[in-house]
Amino acid sequence: METYEAFVKMSAAAEKDGVKLTIISATRNFDSQKGIWENKWEGRTMVEGKDLTTIADKKERARLILLYSSMPSTSRHHWGTDMDLNSLDNEYFTSGEGLKIYSWLTAHGAEYGFCQPYTSKVNGRTGYEEEKWHWSYLPLSGVFLEEYKKQVTYSDINGFAGSDVAKPMDVIKRYVEGVACKR
Ligand SMILES: [Zn+2]
């Protein structure tokens, strides 16, 4: 598969520079994302230290999950083009080995087609918080994003707890389209 082949090339080049890239999570289907989402929605996984079932306002519940996790059917991990590398903690990438990895990716990732979609929000990007671990293979994901915008509507986002807040929260505009990597 094209994304994986590109990753293998990038990873070999990184290794030559003494940087080891490890995939933590890549493709996740709807059911797998539904599991992650509903564990948070129904209080089995804590979010920001909170049991979300104690929050009555559904939009607020969703907002907290959406800091770092996508609604099922809106995740770039469904596309087969995106992957999480080395650590799911931004702090890890600010010093030592983690900083070395992040610096290498920001300097060389683009040579292999990879881009960090969830960058800092200081310049007004909407959507998820920064994720220094999440990298996307833009030659494919750029096309998929364009197709998503054309083909997917809020009537397609259903089949999980809390799906009714997708439209009032405008998740397609704010989250799916809230990325730094665009063609
Ligand atoms: Zn990710």
# chains A, B, ... in the order shown; residues from 1 in each chain; ligands from 1

call {"tool": "closest_atom_pairs", "arguments": {"of": "chain A", "to": "ligand 1", "cutoff": "6 Å", "atoms": "only C-alpha atoms and all ligand atoms", "output": "CSV"}}
result
residue,atom,partner,partner_atom_place_in_ligand_line,distance
A:Met83,CA,ligand 1,1 (Zn),5.6
A:Asp84,CA,ligand 1,1 (Zn),4.8
A:His134,CA,ligand 1,1 (Zn),4.6

call {"tool": "residues_around", "arguments": {"residues": "A:Ala56", "least_positions_apart": "5", "cutoff": "12 Å", "atoms": "only C-alpha atoms", "output": "VMD selection string"}}
result
chain A and resid 41 to 42 51 61 to 62 162

call {"tool": "closest_residue", "arguments": {"among": "A:Gln33, A:Ser70, A:Val176, A:Ser25", "to": "A:Trp133", "atoms": "only C-alpha atoms"}}
result
A:Ser25

call {"tool": "residues_around", "arguments": {"residues": "stretch 1-10 of chain A", "least_positions_apart": "6", "cutoff": "10 Å", "atoms": "only C-alpha atoms", "output": "list in words"}}
result
Leu21, Ile23, Ala26, Gly80, Thr81, Asp82, Met83, Leu105, His108, Gly109, Ala110, Glu111, Tyr112, Gly113, Phe114, Ser136, Tyr137, Leu138, Pro139, Leu140 and Ser141 of chain A

call {"tool": "select_by_dssp", "arguments": {"residues": "stretch 23-140 of chain A", "states": "alpha helix (DSSP H)", "output": "number ranges by chain"}}
result
A: 30-41, 58-65, 96-108, 138-140

call {"tool": "closest_residue", "arguments": {"among": "A:Gly124, A:Gln151, A:Glu130, A:Arg174", "to": "A:Glu91", "atoms": "only C-alpha atoms"}}
result
A:Glu130

call {"tool": "select_by_dssp", "arguments": {"residues": "stretch 3-132 of chain A", "states": "strand (DSSP E or B)", "output": "list in words"}}
result
Ile23, Ile24, Ser25, Val47, Lys50, Asp82, Met83, Asp84, Leu85, Phe114 and Cys115 of chain A

call {"tool": "write_last_selection", "arguments": {"atoms": "N, CA and C atoms", "output": "short mmCIF file (atom, residue, chain, number, x, y, z; two decimals), in the first residue's frame"}}
result
data_model
loop_
_atom_site.label_atom_id
_atom_site.label_comp_id
_atom_site.auth_asym_id
_atom_site.auth_seq_id
_atom_site.Cartn_x
_atom_site.Cartn_y
_atom_site.Cartn_z
N ILE A 23 5.47 3.07 14.44
CA ILE A 23 4.02 3.31 14.29
C ILE A 23 3.30 2.77 15.53
N ILE A 24 2.54 3.64 16.19
CA ILE A 24 1.75 3.21 17.35
C ILE A 24 0.35 2.80 16.92
N SER A 25 -0.23 3.58 16.00
CA SER A 25 -1.57 3.30 15.54
C SER A 25 -1.70 3.86 14.13
N VAL A 47 -11.68 11.44 30.65
CA VAL A 47 -11.24 12.47 29.70
C VAL A 47 -10.84 13.70 30.50
N LYS A 50 -11.88 13.46 33.92
CA LYS A 50 -13.31 13.49 34.26
C LYS A 50 -14.06 12.29 33.72
N ASP A 82 -3.07 7.98 7.50
CA ASP A 82 -2.59 8.71 8.66
C ASP A 82 -2.11 7.76 9.75
N MET A 83 -1.09 8.19 10.48
CA MET A 83 -0.53 7.32 11.52
C MET A 83 -0.01 8.12 12.70
N ASP A 84 0.00 7.44 13.85
CA ASP A 84 0.53 8.04 15.08
C ASP A 84 1.90 7.44 15.32
N LEU A 85 2.90 8.30 15.52
CA LEU A 85 4.28 7.83 15.64
C LEU A 85 4.87 8.03 17.03
N PHE A 114 4.90 13.30 3.89
CA PHE A 114 4.22 13.34 5.18
C PHE A 114 4.13 14.76 5.75
N CYS A 115 2.99 15.01 6.39
CA CYS A 115 2.69 16.33 6.93
C CYS A 115 1.99 16.15 8.27
#

call {"tool": "closest_residue", "arguments": {"among": "A:Thr22, A:Asn29, A:Lys16, A:Lys59", "to": "A:Asp164", "atoms": "only C-alpha atoms"}}
result
A:Lys59

call {"tool": "closest_residue", "arguments": {"among": "A:Met71, A:Val165, A:Ser95, A:Arg28", "to": "A:Lys40", "atoms": "only C-alpha atoms"}}
result
A:Met71

call {"tool": "closest_residue", "arguments": {"among": "A:Gly142, A:Thr53, A:Phe93, A:Tyr154", "to": "A:Ala166", "atoms": "only C-alpha atoms"}}
result
A:Tyr154

call {"tool": "atom_distance", "arguments": {"atom1": "atom CA of A:Pro117", "atom2": "atom CA of A:Gly49"}}
result
25.8 Å

call {"tool": "atom_distance", "arguments": {"atom1": "atom CA of A:Trp37", "atom2": "atom CA of A:Gly159"}}
result
11.6 Å
